[in-house]
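S.K.: Following this line is input_11.pdb, made up of PDB, N, CA and C atoms and all ligand atoms:
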```
ATOM      1  N   MET A   1      92.765 -73.711  11.433  1.00  0.00           N
ATOM      2  CA  MET A   1      91.521 -73.950  10.711  1.00  0.00           C
ATOM      3  C   MET A   1      90.375 -73.215  11.403  1.00  0.00           C
ATOM      4  N   THR A   2      89.649 -72.471  10.636  1.00  0.00           N
ATOM      5  CA  THR A   2      88.518 -71.759  11.220  1.00  0.00           C
ATOM      6  C   THR A   2      87.234 -72.548  11.010  1.00  0.00           C
ATOM      7  N   THR A   3      86.463 -72.563  12.016  1.00  0.00           N
ATOM      8  CA  THR A   3      85.167 -73.230  11.920  1.00  0.00           C
ATOM      9  C   THR A   3      84.112 -72.199  11.586  1.00  0.00           C
ATOM     10  N   VAL A   4      83.521 -72.355  10.447  1.00  0.00           N
ATOM     11  CA  VAL A   4      82.449 -71.434  10.074  1.00  0.00           C
ATOM     12  C   VAL A   4      81.123 -72.041  10.513  1.00  0.00           C
ATOM     13  N   VAL A   5      80.486 -71.317  11.378  1.00  0.00           N
ATOM     14  CA  VAL A   5      79.192 -71.795  11.850  1.00  0.00           C
ATOM     15  C   VAL A   5      78.110 -71.240  10.941  1.00  0.00           C
ATOM     16  N   THR A   6      77.548 -72.107  10.168  1.00  0.00           N
ATOM     17  CA  THR A   6      76.442 -71.665   9.317  1.00  0.00           C
ATOM     18  C   THR A   6      75.147 -72.204   9.899  1.00  0.00           C
ATOM     19  N   SER A   7      74.311 -71.293  10.267  1.00  0.00           N
ATOM     20  CA  SER A   7      73.026 -71.723  10.794  1.00  0.00           C
ATOM     21  C   SER A   7      72.094 -71.976   9.612  1.00  0.00           C
ATOM     22  N   PRO A   8      71.321 -73.027   9.701  1.00  0.00           N
ATOM     23  CA  PRO A   8      70.376 -73.298   8.616  1.00  0.00           C
ATOM     24  C   PRO A   8      69.316 -72.200   8.571  1.00  0.00           C
ATOM     25  N   PRO A   9      68.789 -71.918   7.394  1.00  0.00           N
ATOM     26  CA  PRO A   9      67.742 -70.897   7.321  1.00  0.00           C
ATOM     27  C   PRO A   9      66.565 -71.267   8.211  1.00  0.00           C
ATOM     28  N   MET A  10      66.055 -70.256   8.896  1.00  0.00           N
ATOM     29  CA  MET A  10      64.903 -70.483   9.777  1.00  0.00           C
ATOM     30  C   MET A  10      63.876 -69.390   9.557  1.00  0.00           C
ATOM     31  N   ALA A  11      62.661 -69.671   9.955  1.00  0.00           N
ATOM     32  CA  ALA A  11      61.614 -68.659   9.882  1.00  0.00           C
ATOM     33  C   ALA A  11      61.924 -67.590  10.919  1.00  0.00           C
ATOM     34  N   CYS A  12      62.173 -66.365  10.441  1.00  0.00           N
ATOM     35  CA  CYS A  12      62.553 -65.265  11.321  1.00  0.00           C
ATOM     36  C   CYS A  12      61.359 -64.341  11.532  1.00  0.00           C
ATOM     37  N   LEU A  13      60.970 -64.182  12.796  1.00  0.00           N
ATOM     38  CA  LEU A  13      59.812 -63.338  13.110  1.00  0.00           C
ATOM     39  C   LEU A  13      60.168 -61.860  12.940  1.00  0.00           C
ATOM     40  N   LEU A  14      61.401 -61.509  13.236  1.00  0.00           N
ATOM     41  CA  LEU A  14      61.829 -60.113  13.161  1.00  0.00           C
ATOM     42  C   LEU A  14      61.741 -59.586  11.733  1.00  0.00           C
ATOM     43  N   HIS A  15      62.244 -60.361  10.782  1.00  0.00           N
ATOM     44  CA  HIS A  15      62.282 -59.910   9.386  1.00  0.00           C
ATOM     45  C   HIS A  15      61.161 -60.502   8.542  1.00  0.00           C
ATOM     46  N   ALA A  16      60.350 -61.357   9.141  1.00  0.00           N
ATOM     47  CA  ALA A  16      59.226 -61.997   8.448  1.00  0.00           C
ATOM     48  C   ALA A  16      59.683 -62.663   7.164  1.00  0.00           C
ATOM     49  N   GLU A  17      60.745 -63.440   7.285  1.00  0.00           N
ATOM     50  CA  GLU A  17      61.211 -64.239   6.151  1.00  0.00           C
ATOM     51  C   GLU A  17      62.061 -65.394   6.659  1.00  0.00           C
ATOM     52  N   VAL A  18      62.341 -66.342   5.749  1.00  0.00           N
ATOM     53  CA  VAL A  18      63.169 -67.486   6.117  1.00  0.00           C
ATOM     54  C   VAL A  18      64.602 -67.186   5.695  1.00  0.00           C
ATOM     55  N   HIS A  19      65.517 -67.140   6.670  1.00  0.00           N
ATOM     56  CA  HIS A  19      66.925 -66.886   6.368  1.00  0.00           C
ATOM     57  C   HIS A  19      67.796 -67.359   7.527  1.00  0.00           C
ATOM     58  N   PRO A  20      69.111 -67.445   7.307  1.00  0.00           N
ATOM     59  CA  PRO A  20      69.981 -67.812   8.433  1.00  0.00           C
ATOM     60  C   PRO A  20      69.870 -66.744   9.520  1.00  0.00           C
ATOM     61  N   MET A  21      69.656 -67.179  10.743  1.00  0.00           N
ATOM     62  CA  MET A  21      69.374 -66.266  11.840  1.00  0.00           C
ATOM     63  C   MET A  21      70.633 -65.580  12.369  1.00  0.00           C
ATOM     64  N   THR A  22      70.530 -64.284  12.618  1.00  0.00           N
ATOM     65  CA  THR A  22      71.586 -63.552  13.308  1.00  0.00           C
ATOM     66  C   THR A  22      71.201 -63.487  14.788  1.00  0.00           C
ATOM     67  N   SER A  23      72.086 -62.947  15.617  1.00  0.00           N
ATOM     68  CA  SER A  23      71.773 -62.884  17.044  1.00  0.00           C
ATOM     69  C   SER A  23      70.579 -61.959  17.300  1.00  0.00           C
ATOM     70  N   THR A  24      70.414 -60.948  16.466  1.00  0.00           N
ATOM     71  CA  THR A  24      69.260 -60.049  16.613  1.00  0.00           C
ATOM     72  C   THR A  24      67.966 -60.811  16.331  1.00  0.00           C
ATOM     73  N   CYS A  25      68.019 -61.636  15.285  1.00  0.00           N
ATOM     74  CA  CYS A  25      66.857 -62.458  14.935  1.00  0.00           C
ATOM     75  C   CYS A  25      66.508 -63.387  16.100  1.00  0.00           C
ATOM     76  N   TRP A  26      67.545 -64.051  16.643  1.00  0.00           N
ATOM     77  CA  TRP A  26      67.329 -64.981  17.756  1.00  0.00           C
ATOM     78  C   TRP A  26      66.742 -64.267  18.955  1.00  0.00           C
ATOM     79  N   GLY A  27      67.162 -63.024  19.194  1.00  0.00           N
ATOM     80  CA  GLY A  27      66.629 -62.258  20.315  1.00  0.00           C
ATOM     81  C   GLY A  27      65.114 -62.163  20.225  1.00  0.00           C
ATOM     82  N   THR A  28      64.619 -61.817  19.043  1.00  0.00           N
ATOM     83  CA  THR A  28      63.177 -61.688  18.825  1.00  0.00           C
ATOM     84  C   THR A  28      62.492 -63.034  18.981  1.00  0.00           C
ATOM     85  N   THR A  29      63.128 -64.074  18.406  1.00  0.00           N
ATOM     86  CA  THR A  29      62.559 -65.423  18.474  1.00  0.00           C
ATOM     87  C   THR A  29      62.481 -65.908  19.922  1.00  0.00           C
ATOM     88  N   LEU A  30      63.558 -65.710  20.670  1.00  0.00           N
ATOM     89  CA  LEU A  30      63.569 -66.160  22.064  1.00  0.00           C
ATOM     90  C   LEU A  30      62.555 -65.396  22.898  1.00  0.00           C
ATOM     91  N   ASP A  31      62.419 -64.083  22.636  1.00  0.00           N
ATOM     92  CA  ASP A  31      61.406 -63.291  23.343  1.00  0.00           C
ATOM     93  C   ASP A  31      60.020 -63.873  23.086  1.00  0.00           C
ATOM     94  N   TRP A  32      59.789 -64.252  21.822  1.00  0.00           N
ATOM     95  CA  TRP A  32      58.477 -64.818  21.465  1.00  0.00           C
ATOM     96  C   TRP A  32      58.252 -66.117  22.242  1.00  0.00           C
ATOM     97  N   TYR A  33      59.268 -66.970  22.271  1.00  0.00           N
ATOM     98  CA  TYR A  33      59.128 -68.245  22.986  1.00  0.00           C
ATOM     99  C   TYR A  33      58.907 -68.023  24.484  1.00  0.00           C
ATOM    100  N   LEU A  34      59.557 -66.994  25.044  1.00  0.00           N
ATOM    101  CA  LEU A  34      59.361 -66.700  26.467  1.00  0.00           C
ATOM    102  C   LEU A  34      57.921 -66.271  26.738  1.00  0.00           C
ATOM    103  N   LEU A  35      57.354 -65.495  25.806  1.00  0.00           N
ATOM    104  CA  LEU A  35      55.975 -65.036  25.957  1.00  0.00           C
ATOM    105  C   LEU A  35      54.992 -66.201  25.820  1.00  0.00           C
ATOM    106  N   HIS A  36      55.444 -67.268  25.154  1.00  0.00           N
ATOM    107  CA  HIS A  36      54.542 -68.391  24.886  1.00  0.00           C
ATOM    108  C   HIS A  36      55.018 -69.666  25.569  1.00  0.00           C
ATOM    109  N   ASP A  37      55.714 -69.527  26.704  1.00  0.00           N
ATOM    110  CA  ASP A  37      56.288 -70.717  27.342  1.00  0.00           C
ATOM    111  C   ASP A  37      55.250 -71.570  28.065  1.00  0.00           C
ATOM    112  N   HIS A  38      53.970 -71.141  28.032  1.00  0.00           N
ATOM    113  CA  HIS A  38      52.899 -71.973  28.577  1.00  0.00           C
ATOM    114  C   HIS A  38      52.506 -73.066  27.582  1.00  0.00           C
ATOM    115  N   LEU A  39      52.972 -72.938  26.322  1.00  0.00           N
ATOM    116  CA  LEU A  39      52.626 -73.919  25.300  1.00  0.00           C
ATOM    117  C   LEU A  39      53.572 -75.113  25.361  1.00  0.00           C
ATOM    118  N   GLU A  40      53.080 -76.264  24.903  1.00  0.00           N
ATOM    119  CA  GLU A  40      53.946 -77.436  24.717  1.00  0.00           C
ATOM    120  C   GLU A  40      54.979 -77.071  23.660  1.00  0.00           C
ATOM    121  N   GLN A  41      56.115 -77.760  23.681  1.00  0.00           N
ATOM    122  CA  GLN A  41      57.192 -77.428  22.755  1.00  0.00           C
ATOM    123  C   GLN A  41      56.743 -77.498  21.295  1.00  0.00           C
ATOM    124  N   ALA A  42      56.059 -78.589  20.945  1.00  0.00           N
ATOM    125  CA  ALA A  42      55.605 -78.761  19.560  1.00  0.00           C
ATOM    126  C   ALA A  42      54.561 -77.713  19.203  1.00  0.00           C
ATOM    127  N   GLU A  43      53.699 -77.430  20.180  1.00  0.00           N
ATOM    128  CA  GLU A  43      52.649 -76.427  20.003  1.00  0.00           C
ATOM    129  C   GLU A  43      53.270 -75.051  19.771  1.00  0.00           C
ATOM    130  N   ALA A  44      54.290 -74.747  20.580  1.00  0.00           N
ATOM    131  CA  ALA A  44      54.955 -73.460  20.471  1.00  0.00           C
ATOM    132  C   ALA A  44      55.630 -73.323  19.111  1.00  0.00           C
ATOM    133  N   ARG A  45      56.248 -74.414  18.643  1.00  0.00           N
ATOM    134  CA  ARG A  45      56.904 -74.381  17.325  1.00  0.00           C
ATOM    135  C   ARG A  45      55.888 -74.067  16.236  1.00  0.00           C
ATOM    136  N   ASP A  46      54.749 -74.751  16.290  1.00  0.00           N
ATOM    137  CA  ASP A  46      53.698 -74.521  15.298  1.00  0.00           C
ATOM    138  C   ASP A  46      53.182 -73.087  15.368  1.00  0.00           C
ATOM    139  N   ALA A  47      52.965 -72.618  16.607  1.00  0.00           N
ATOM    140  CA  ALA A  47      52.431 -71.277  16.800  1.00  0.00           C
ATOM    141  C   ALA A  47      53.435 -70.234  16.309  1.00  0.00           C
ATOM    142  N   TYR A  48      54.725 -70.496  16.538  1.00  0.00           N
ATOM    143  CA  TYR A  48      55.764 -69.576  16.078  1.00  0.00           C
ATOM    144  C   TYR A  48      55.764 -69.507  14.559  1.00  0.00           C
ATOM    145  N   GLN A  49      55.730 -70.702  13.934  1.00  0.00           N
ATOM    146  CA  GLN A  49      55.700 -70.790  12.470  1.00  0.00           C
ATOM    147  C   GLN A  49      54.501 -70.003  11.927  1.00  0.00           C
ATOM    148  N   ALA A  50      53.358 -70.188  12.568  1.00  0.00           N
ATOM    149  CA  ALA A  50      52.138 -69.499  12.145  1.00  0.00           C
ATOM    150  C   ALA A  50      52.291 -67.991  12.314  1.00  0.00           C
ATOM    151  N   ALA A  51      52.944 -67.571  13.400  1.00  0.00           N
ATOM    152  CA  ALA A  51      53.134 -66.146  13.662  1.00  0.00           C
ATOM    153  C   ALA A  51      54.003 -65.513  12.575  1.00  0.00           C
ATOM    154  N   VAL A  52      55.055 -66.225  12.163  1.00  0.00           N
ATOM    155  CA  VAL A  52      55.936 -65.705  11.108  1.00  0.00           C
ATOM    156  C   VAL A  52      55.168 -65.619   9.789  1.00  0.00           C
ATOM    157  N   GLU A  53      54.389 -66.659   9.483  1.00  0.00           N
ATOM    158  CA  GLU A  53      53.619 -66.654   8.240  1.00  0.00           C
ATOM    159  C   GLU A  53      52.604 -65.516   8.229  1.00  0.00           C
ATOM    160  N   ARG A  54      51.961 -65.293   9.386  1.00  0.00           N
ATOM    161  CA  ARG A  54      50.982 -64.207   9.484  1.00  0.00           C
ATOM    162  C   ARG A  54      51.677 -62.868   9.246  1.00  0.00           C
ATOM    163  N   GLU A  55      52.873 -62.712   9.833  1.00  0.00           N
ATOM    164  CA  GLU A  55      53.636 -61.476   9.682  1.00  0.00           C
ATOM    165  C   GLU A  55      54.049 -61.273   8.217  1.00  0.00           C
ATOM    166  N   MET A  56      54.442 -62.373   7.548  1.00  0.00           N
ATOM    167  CA  MET A  56      54.819 -62.295   6.130  1.00  0.00           C
ATOM    168  C   MET A  56      53.635 -61.781   5.313  1.00  0.00           C
ATOM    169  N   ILE A  57      52.453 -62.348   5.582  1.00  0.00           N
ATOM    170  CA  ILE A  57      51.254 -61.957   4.839  1.00  0.00           C
ATOM    171  C   ILE A  57      50.907 -60.501   5.141  1.00  0.00           C
ATOM    172  N   ASP A  58      50.971 -60.123   6.433  1.00  0.00           N
ATOM    173  CA  ASP A  58      50.678 -58.748   6.831  1.00  0.00           C
ATOM    174  C   ASP A  58      51.570 -57.764   6.095  1.00  0.00           C
ATOM    175  N   ARG A  59      52.864 -58.074   6.063  1.00  0.00           N
ATOM    176  CA  ARG A  59      53.809 -57.154   5.410  1.00  0.00           C
ATOM    177  C   ARG A  59      53.546 -57.096   3.925  1.00  0.00           C
ATOM    178  N   HIS A  60      53.212 -58.251   3.351  1.00  0.00           N
ATOM    179  CA  HIS A  60      52.927 -58.309   1.926  1.00  0.00           C
ATOM    180  C   HIS A  60      51.717 -57.435   1.613  1.00  0.00           C
ATOM    181  N   VAL A  61      50.686 -57.540   2.447  1.00  0.00           N
ATOM    182  CA  VAL A  61      49.456 -56.758   2.254  1.00  0.00           C
ATOM    183  C   VAL A  61      49.763 -55.268   2.373  1.00  0.00           C
ATOM    184  N   ARG A  62      50.590 -54.919   3.379  1.00  0.00           N
ATOM    185  CA  ARG A  62      50.911 -53.506   3.608  1.00  0.00           C
ATOM    186  C   ARG A  62      51.702 -52.904   2.457  1.00  0.00           C
ATOM    187  N   GLN A  63      52.434 -53.776   1.704  1.00  0.00           N
ATOM    188  CA  GLN A  63      53.226 -53.271   0.587  1.00  0.00           C
ATOM    189  C   GLN A  63      52.375 -52.931  -0.633  1.00  0.00           C
ATOM    190  N   GLN A  64      51.158 -53.453  -0.658  1.00  0.00           N
ATOM    191  CA  GLN A  64      50.289 -53.192  -1.803  1.00  0.00           C
ATOM    192  C   GLN A  64      49.856 -51.720  -1.781  1.00  0.00           C
ATOM    193  N   PRO A  65      49.820 -51.086  -2.970  1.00  0.00           N
ATOM    194  CA  PRO A  65      49.322 -49.712  -3.006  1.00  0.00           C
ATOM    195  C   PRO A  65      47.853 -49.669  -2.602  1.00  0.00           C
ATOM    196  N   ALA A  66      47.489 -48.653  -1.856  1.00  0.00           N
ATOM    197  CA  ALA A  66      46.109 -48.550  -1.354  1.00  0.00           C
ATOM    198  C   ALA A  66      45.140 -48.292  -2.499  1.00  0.00           C
TER     199      ALA A  66
HETATM  200 ZN    ZN B   1      66.020 -62.134  10.691  1.00  0.00          ZN
END
```
In structure tokens, write the structure found in this file.
Ligand SMILES: [Zn+2]
M.R.:
Amino acid sequence: MTTVVTSPPMACLLHAEVHPMTSTCWGTTLDWYLLHDHLEQAEARDAYQAAVEREMIDRHVRQQPA
């Protein structure tokens, strides 16, 4: 029997979208957490979520024709 590990969709900073994380995605996420390890855990989670949302908006804006 094979165990399929399905990770729940998460906010991915690398791709600026919510999807099941790959190891590449986790690499970016962990780097972000390391850069922000002065924050409380809950604070860091909120800040990470905000960072992904900001990135989503930035990319969306950049996709608009000038
Ligand atoms: Zn990703």
S.K.: For a quick check of understanding, using all atoms listed in the file, which of A:Arg54, A:Pro65, A:Tyr33, A:Pro8 has the smallest distance to Met21 in chain A?
M.R.: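 Looking only at the distances to Met21 in chain A, the closest residue turns out to be A:Pro8.
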S.K.: Report the closest atom pair, with its distance in Å rounded to one decimal, for each residue of chain A that has an atom no farther than 8 Å from ligand ZN 1 (chain B); count only N, CA and C atoms and all ligand atoms, sort by chain and then rising residue number, and write it as a tab-separated table.
M.R.:
```
residue	atom	partner	partner_atom	distance
A:Met10	C	B:ZN1	ZN	7.7
A:Ala11	C	B:ZN1	ZN	6.8
A:Cys12	CA	B:ZN1	ZN	4.7
A:Leu13	N	B:ZN1	ZN	5.8
A:Leu14	C	B:ZN1	ZN	5.1
A:His15	N	B:ZN1	ZN	4.2
A:Ala16	N	B:ZN1	ZN	5.9
A:Glu17	N	B:ZN1	ZN	6.4
A:Val18	C	B:ZN1	ZN	7.2
A:His19	C	B:ZN1	ZN	6.4
A:Pro20	C	B:ZN1	ZN	6.1
A:Met21	CA	B:ZN1	ZN	5.4
A:Thr22	N	B:ZN1	ZN	5.4
A:Ser23	N	B:ZN1	ZN	7.9
A:Thr24	C	B:ZN1	ZN	6.1
A:Cys25	CA	B:ZN1	ZN	4.3
A:Trp26	N	B:ZN1	ZN	6.4
```
S.K.: Would you please give, as a ChimeraX atom specification, all residues of range 17-56 of chain A that DSSP assigns to alpha helix (DSSP H) based on the backbone?
M.R.: /A:23-35,41-56
S.K.: Around all the atoms of range 35-43 of chain A listed in the file, with 6 Å of room on each side, what axis-aligned box do you get, giving centre and edge lengths in Å to one decimal, as JSON?
M.R.:
```
{"center_x": 54.9, "center_y": -71.9, "center_z": 23.9, "size_x": 16.8, "size_y": 25.7, "size_z": 21.4}
```
S.K.: Report, in Å with one decimal, the straight-line distance from atom N of Glu43 in chain A to atom C of Val61 in chain A.
M.R.: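 Separating atom N of Glu43 in chain A from atom C of Val61 in chain A is a distance of 28.7 Å.
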S.K.: Using atom C of Arg59 in chain A and atom C of Gln41 in chain A as the two end points, give the distance in Å to one decimal.
M.R.: 27.0 Å
S.K.: Run DSSP on the backbone and give me the residues of chain A it puts in strand (DSSP E or B), as a PyMOL selection string.
M.R.: chain A and resi 9-12+17-20
S.K.: What would range 42-55 of chain A look like with N, CA, C and O atoms in place, written as a CSV table (one decimal), in the frame of the given file?
M.R.:
```csv
chain,number,residue,atom,x,y,z
A,42,ALA,N,56.1,-78.6,20.9
A,42,ALA,CA,55.6,-78.8,19.6
A,42,ALA,C,54.6,-77.7,19.2
A,42,ALA,O,54.6,-77.2,18.1
A,43,GLU,N,53.7,-77.4,20.2
A,43,GLU,CA,52.6,-76.4,20.0
A,43,GLU,C,53.3,-75.1,19.8
A,43,GLU,O,52.8,-74.3,18.9
A,44,ALA,N,54.3,-74.7,20.6
A,44,ALA,CA,55.0,-73.5,20.5
A,44,ALA,C,55.6,-73.3,19.1
A,44,ALA,O,55.6,-72.3,18.5
A,45,ARG,N,56.2,-74.4,18.6
A,45,ARG,CA,56.9,-74.4,17.3
A,45,ARG,C,55.9,-74.1,16.2
A,45,ARG,O,56.1,-73.2,15.4
A,46,ASP,N,54.7,-74.8,16.3
A,46,ASP,CA,53.7,-74.5,15.3
A,46,ASP,C,53.2,-73.1,15.4
A,46,ASP,O,53.0,-72.4,14.3
A,47,ALA,N,53.0,-72.6,16.6
A,47,ALA,CA,52.4,-71.3,16.8
A,47,ALA,C,53.4,-70.2,16.3
A,47,ALA,O,53.1,-69.2,15.7
A,48,TYR,N,54.7,-70.5,16.5
A,48,TYR,CA,55.8,-69.6,16.1
A,48,TYR,C,55.8,-69.5,14.6
A,48,TYR,O,55.8,-68.4,14.0
A,49,GLN,N,55.7,-70.7,13.9
A,49,GLN,CA,55.7,-70.8,12.5
A,49,GLN,C,54.5,-70.0,11.9
A,49,GLN,O,54.6,-69.2,11.0
A,50,ALA,N,53.4,-70.2,12.6
A,50,ALA,CA,52.1,-69.5,12.1
A,50,ALA,C,52.3,-68.0,12.3
A,50,ALA,O,51.8,-67.2,11.5
A,51,ALA,N,52.9,-67.6,13.4
A,51,ALA,CA,53.1,-66.1,13.7
A,51,ALA,C,54.0,-65.5,12.6
A,51,ALA,O,53.7,-64.4,12.1
A,52,VAL,N,55.1,-66.2,12.2
A,52,VAL,CA,55.9,-65.7,11.1
A,52,VAL,C,55.2,-65.6,9.8
A,52,VAL,O,55.3,-64.6,9.1
A,53,GLU,N,54.4,-66.7,9.5
A,53,GLU,CA,53.6,-66.7,8.2
A,53,GLU,C,52.6,-65.5,8.2
A,53,GLU,O,52.4,-64.9,7.2
A,54,ARG,N,52.0,-65.3,9.4
A,54,ARG,CA,51.0,-64.2,9.5
A,54,ARG,C,51.7,-62.9,9.2
A,54,ARG,O,51.2,-62.0,8.5
A,55,GLU,N,52.9,-62.7,9.8
A,55,GLU,CA,53.6,-61.5,9.7
A,55,GLU,C,54.0,-61.3,8.2
A,55,GLU,O,54.0,-60.2,7.7
```
